[in-house]
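Chemist: Below is one structure. I have some questions about it.
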Amino acid sequence: GQTLVNGSAKITNGNQQLASGTQQLATGSKKLGSGINQITGGAQKLSTTLGNAAKKADVNPNNETYQQVSQPVKAAHTELDKVPNNGTSMAPYMIAVSLFVGAIALNLMYNMYLPKAYPKSGFDWMLSKMSIWGPFTFLESILDFTLLCAMDGLRPLHMLSTFGVIWLWALVAMALVTLLNLVFAQIGSFLGMVLLVVQLSGSGGTYPIQLSSHFFEDIHDWLPMTYAVEGLRKTLMMYHNSAWLQAGVLFSILVGLLILMWLFYSRRYVQVSKIDFADQQQVAATQNSLTRRLAR
């Protein structure tokens with residue numbers, strides 16, 4: 001009986017909650033009905049407005065209308081520079097490589113250290129060697145440039161500037177390889193080949209340097225061939241660009257190499273003057289420790 005009394009109390013409490021919920025549901029239904037009326041009115045207004053707009057719009061679609069919808073923007077471009085073929089774009093890179101190889105070849109065939117006659121000074125010694133590799137660089141630059149234009153159809157936009165950069169790079173490459181051979185003797189040729197291989201990847205001649213590894217991106221600005229390739233690109237195929245910056249960098253490198261070369265010859269001149277010049281083996285032994293060991 002007590003359980004029945006407790007259950008009746010719970011039923012009474014539930015009935016009160018049900019009555020309260022029914023009242024809230026009735027209130028919500030009124031709001032829902034008001035909202036539906038507003039939606040219905042808005043839909044009717046939208047329908048009326050769209051109908052009026054359709055009546056006012058007088059569109060007669062044609063091919064131009066369809067083209068305007070399918071391609072609303074038309075792209076246009078202007079070529080600032082002219083590169084007629086892939087050979088022209090590769091010419092700066094291959095010219096730079098060929099002249100560097102020419103410098104290595106001359107240093108392998110001709111000894112840049114042993115003087116033919118007793119020099120008056122270190123500077124005179126250097127000039128005697130420059131009288132060999134200086135005209136050689138001019139000759140190889142002439143042949144390289146002439147054959148490319150005559151046989152391969154190269155058409156530089158700036159003829160004199162292109163040849164100037166070619167000869168300047170030939171001088172830089174020759175001075176650099178010669179200095180390596182002077183300081184390191186036979187090992188200098190090997191170091192020259194290593195430097196060539198590094199510059200092949202780091203100068204950005206074949207592909208943009210951004211496509212290379214971070215190592216080559218870091219050394220890109222420190223490689224002499226970088227400025228030779230960029231300078232030749234500007235003189236060969238760019239209308240509104242000058243290569244003065246690249247030429248200035250190459251000239252600065254050339255001056256620095258010549259100063260180091262002069263210091264090398266001047267220091268060795270003191271040693272040569274103390275020995276019998278007629279003994280070429282003793283003269284060769286003054287180049288560095290490697291040549292001294294070979295002389296022994």
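In the structure tokens, the first chain shown is A, the next is B, and so on; residue numbers restart at 1 for each chain, and ligands run from 1 in the order shown.
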Need the shell around Asn107 of chain A: protein/DNA/RNA residues with any atom at most 9 Å away, counting only C-alpha atoms. Skip same-chain ones fewer than 2 positions apart. Format as a PDB file with N, CA, C and O atoms, in the first residue's frame?
Modeler:
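Everything below was put into part.pdb:
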```
ATOM      1  N   GLY A 102      89.932  25.048 -71.793  1.00  0.00           N
ATOM      2  CA  GLY A 102      91.095  25.541 -72.527  1.00  0.00           C
ATOM      3  C   GLY A 102      92.213  25.988 -71.598  1.00  0.00           C
ATOM      4  O   GLY A 102      93.402  25.755 -71.875  1.00  0.00           O
ATOM      5  N   ALA A 103      91.847  26.611 -70.489  1.00  0.00           N
ATOM      6  CA  ALA A 103      92.863  27.027 -69.509  1.00  0.00           C
ATOM      7  C   ALA A 103      93.548  25.817 -68.886  1.00  0.00           C
ATOM      8  O   ALA A 103      94.778  25.806 -68.701  1.00  0.00           O
ATOM      9  N   ILE A 104      92.789  24.788 -68.567  1.00  0.00           N
ATOM     10  CA  ILE A 104      93.383  23.572 -68.001  1.00  0.00           C
ATOM     11  C   ILE A 104      94.307  22.907 -69.024  1.00  0.00           C
ATOM     12  O   ILE A 104      95.419  22.451 -68.683  1.00  0.00           O
ATOM     13  N   ALA A 105      93.891  22.870 -70.286  1.00  0.00           N
ATOM     14  CA  ALA A 105      94.688  22.226 -71.330  1.00  0.00           C
ATOM     15  C   ALA A 105      96.026  22.939 -71.530  1.00  0.00           C
ATOM     16  O   ALA A 105      97.081  22.296 -71.627  1.00  0.00           O
ATOM     17  N   MET A 109      99.992  21.530 -70.978  1.00  0.00           N
ATOM     18  CA  MET A 109     100.964  21.462 -72.071  1.00  0.00           C
ATOM     19  C   MET A 109     102.154  22.389 -71.871  1.00  0.00           C
ATOM     20  O   MET A 109     103.246  22.125 -72.377  1.00  0.00           O
ATOM     21  N   TYR A 110     101.944  23.480 -71.146  1.00  0.00           N
ATOM     22  CA  TYR A 110     103.002  24.493 -71.027  1.00  0.00           C
ATOM     23  C   TYR A 110     103.277  24.757 -69.547  1.00  0.00           C
ATOM     24  O   TYR A 110     102.353  24.947 -68.749  1.00  0.00           O
ATOM     25  N   ASN A 111     104.554  24.770 -69.186  1.00  0.00           N
ATOM     26  CA  ASN A 111     104.960  25.014 -67.808  1.00  0.00           C
ATOM     27  C   ASN A 111     104.911  26.516 -67.529  1.00  0.00           C
ATOM     28  O   ASN A 111     105.653  27.296 -68.135  1.00  0.00           O
ATOM     29  N   MET A 112     104.060  26.910 -66.596  1.00  0.00           N
ATOM     30  CA  MET A 112     103.900  28.318 -66.256  1.00  0.00           C
ATOM     31  C   MET A 112     104.856  28.791 -65.174  1.00  0.00           C
ATOM     32  O   MET A 112     104.786  29.953 -64.750  1.00  0.00           O
ATOM     33  N   MET A 174      91.918  31.443 -67.060  1.00  0.00           N
ATOM     34  CA  MET A 174      93.331  31.141 -67.245  1.00  0.00           C
ATOM     35  C   MET A 174      94.145  31.549 -66.019  1.00  0.00           C
ATOM     36  O   MET A 174      95.031  30.806 -65.556  1.00  0.00           O
ATOM     37  N   VAL A 177      93.348  28.985 -63.097  1.00  0.00           N
ATOM     38  CA  VAL A 177      93.978  27.670 -63.283  1.00  0.00           C
ATOM     39  C   VAL A 177      95.495  27.781 -63.201  1.00  0.00           C
ATOM     40  O   VAL A 177      96.170  26.915 -62.612  1.00  0.00           O
ATOM     41  N   THR A 178      96.057  28.847 -63.754  1.00  0.00           N
ATOM     42  CA  THR A 178      97.509  29.049 -63.694  1.00  0.00           C
ATOM     43  C   THR A 178      97.979  29.212 -62.254  1.00  0.00           C
ATOM     44  O   THR A 178      99.004  28.636 -61.847  1.00  0.00           O
ATOM     45  N   ASN A 181      98.079  25.878 -60.576  1.00  0.00           N
ATOM     46  CA  ASN A 181      99.227  25.088 -61.016  1.00  0.00           C
ATOM     47  C   ASN A 181     100.540  25.632 -60.467  1.00  0.00           C
ATOM     48  O   ASN A 181     101.480  24.864 -60.241  1.00  0.00           O
ATOM     49  N   SER A 189      96.443  20.904 -61.530  1.00  0.00           N
ATOM     50  CA  SER A 189      95.563  20.503 -62.635  1.00  0.00           C
ATOM     51  C   SER A 189      94.375  19.702 -62.115  1.00  0.00           C
ATOM     52  O   SER A 189      93.239  19.871 -62.587  1.00  0.00           O
TER      53      SER A 189
END
```
Chemist: Segment 199-212 of chain A: which residues within 8 Å, counting only C-alpha atoms, same-chain residues fewer than 5 positions away excluded, as number ranges by chain?
Modeler: A: 90, 92-93, 97, 217, 219-220, 223, 225-226, 229
Chemist: Pull the alpha helix (DSSP H) assignments for segment 44-241 of chain A out of DSSP run on the backbone, and list those residues as a PyMOL selection string.
Modeler: chain A and resi 44-56+63-70+86-109+122-151+159-184+186-202+214-219+224-237
Chemist: My list of candidates is A:Thr286, A:Ala228, A:Gln17, A:Met238. Which is closest to Glu79 of chain A when distances are computed with only C-alpha atoms?
Modeler: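 Comparing A:Thr286, A:Ala228, A:Gln17, A:Met238 against Glu79 of chain A, the winner is A:Met238.
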Chemist: So the first atom is atom CA of Trp262 of chain A and the second is atom CA of Val165 of chain A; what is the distance between them in Å, to one decimal place?
Modeler: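 Spanning atom CA of Trp262 of chain A to atom CA of Val165 of chain A is a straight-line distance of 23.9 Å.
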Chemist: Nearest to Leu168 of chain A among A:Ala278, A:Ile142, A:Val283, A:Leu50, with distances taken over only C-alpha atoms: which residue is it?
Modeler: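 Smallest distance to Leu168 of chain A is found for A:Ile142.
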Chemist: With a distance cut-off of 10 Å and only C-alpha atoms, select the neighbouring residues of Val183 of chain A, excluding the residue or stretch itself and same-chain residues fewer than 6 positions from it, and output the selection as an mmCIF file with all heavy atoms, in the first residue's frame.
Modeler:
```
data_model
loop_
_atom_site.group_PDB
_atom_site.id
_atom_site.type_symbol
_atom_site.label_atom_id
_atom_site.label_comp_id
_atom_site.auth_asym_id
_atom_site.auth_seq_id
_atom_site.Cartn_x
_atom_site.Cartn_y
_atom_site.Cartn_z
ATOM 1 N N TYR A 113 105.764 27.891 -64.769
ATOM 2 C CA TYR A 113 106.699 28.297 -63.714
ATOM 3 C C TYR A 113 108.124 28.508 -64.243
ATOM 4 O O TYR A 113 108.716 29.560 -64.024
ATOM 5 C CB TYR A 113 106.717 27.247 -62.604
ATOM 6 C CG TYR A 113 107.645 27.620 -61.470
ATOM 7 C CD1 TYR A 113 107.286 28.595 -60.546
ATOM 8 C CD2 TYR A 113 108.884 27.007 -61.319
ATOM 9 C CE1 TYR A 113 108.143 28.962 -59.517
ATOM 10 C CE2 TYR A 113 109.746 27.358 -60.294
ATOM 11 C CZ TYR A 113 109.360 28.331 -59.400
ATOM 12 O OH TYR A 113 110.217 28.693 -58.382
ATOM 13 N N MET A 261 99.333 36.161 -58.103
ATOM 14 C CA MET A 261 100.337 35.584 -58.985
ATOM 15 C C MET A 261 101.640 36.373 -58.919
ATOM 16 O O MET A 261 102.746 35.793 -58.888
ATOM 17 C CB MET A 261 99.792 35.562 -60.422
ATOM 18 C CG MET A 261 100.512 34.608 -61.350
ATOM 19 S SD MET A 261 99.771 34.632 -63.012
ATOM 20 C CE MET A 261 98.103 34.070 -62.629
ATOM 21 N N PHE A 264 103.435 35.521 -55.778
ATOM 22 C CA PHE A 264 104.055 34.205 -55.874
ATOM 23 C C PHE A 264 105.381 34.279 -56.628
ATOM 24 O O PHE A 264 106.406 33.767 -56.166
ATOM 25 C CB PHE A 264 103.099 33.238 -56.572
ATOM 26 C CG PHE A 264 103.686 31.876 -56.812
ATOM 27 C CD1 PHE A 264 103.612 30.894 -55.839
ATOM 28 C CD2 PHE A 264 104.323 31.578 -58.015
ATOM 29 C CE1 PHE A 264 104.165 29.642 -56.057
ATOM 30 C CE2 PHE A 264 104.870 30.321 -58.238
ATOM 31 C CZ PHE A 264 104.789 29.346 -57.253
ATOM 32 N N GLN A 287 109.671 25.671 -56.744
ATOM 33 C CA GLN A 287 108.247 25.979 -56.891
ATOM 34 C C GLN A 287 107.482 25.680 -55.605
ATOM 35 O O GLN A 287 106.775 26.525 -55.082
ATOM 36 C CB GLN A 287 107.651 25.200 -58.058
ATOM 37 C CG GLN A 287 106.203 25.563 -58.358
ATOM 38 C CD GLN A 287 105.699 24.915 -59.627
ATOM 39 O OE1 GLN A 287 106.461 24.281 -60.359
ATOM 40 N NE2 GLN A 287 104.424 25.076 -59.908
ATOM 41 N N ASN A 288 107.619 24.470 -55.079
ATOM 42 C CA ASN A 288 106.980 24.113 -53.809
ATOM 43 C C ASN A 288 107.607 22.834 -53.287
ATOM 44 O O ASN A 288 108.537 22.276 -53.888
ATOM 45 C CB ASN A 288 105.455 23.967 -53.957
ATOM 46 C CG ASN A 288 105.074 22.970 -55.026
ATOM 47 O OD1 ASN A 288 105.818 22.044 -55.319
ATOM 48 N ND2 ASN A 288 103.908 23.173 -55.625
ATOM 49 N N SER A 289 107.073 22.356 -52.165
ATOM 50 C CA SER A 289 107.665 21.159 -51.528
ATOM 51 C C SER A 289 107.506 19.933 -52.404
ATOM 52 O O SER A 289 108.390 19.044 -52.409
ATOM 53 C CB SER A 289 106.994 20.933 -50.172
ATOM 54 O OG SER A 289 105.577 20.753 -50.325
#
```
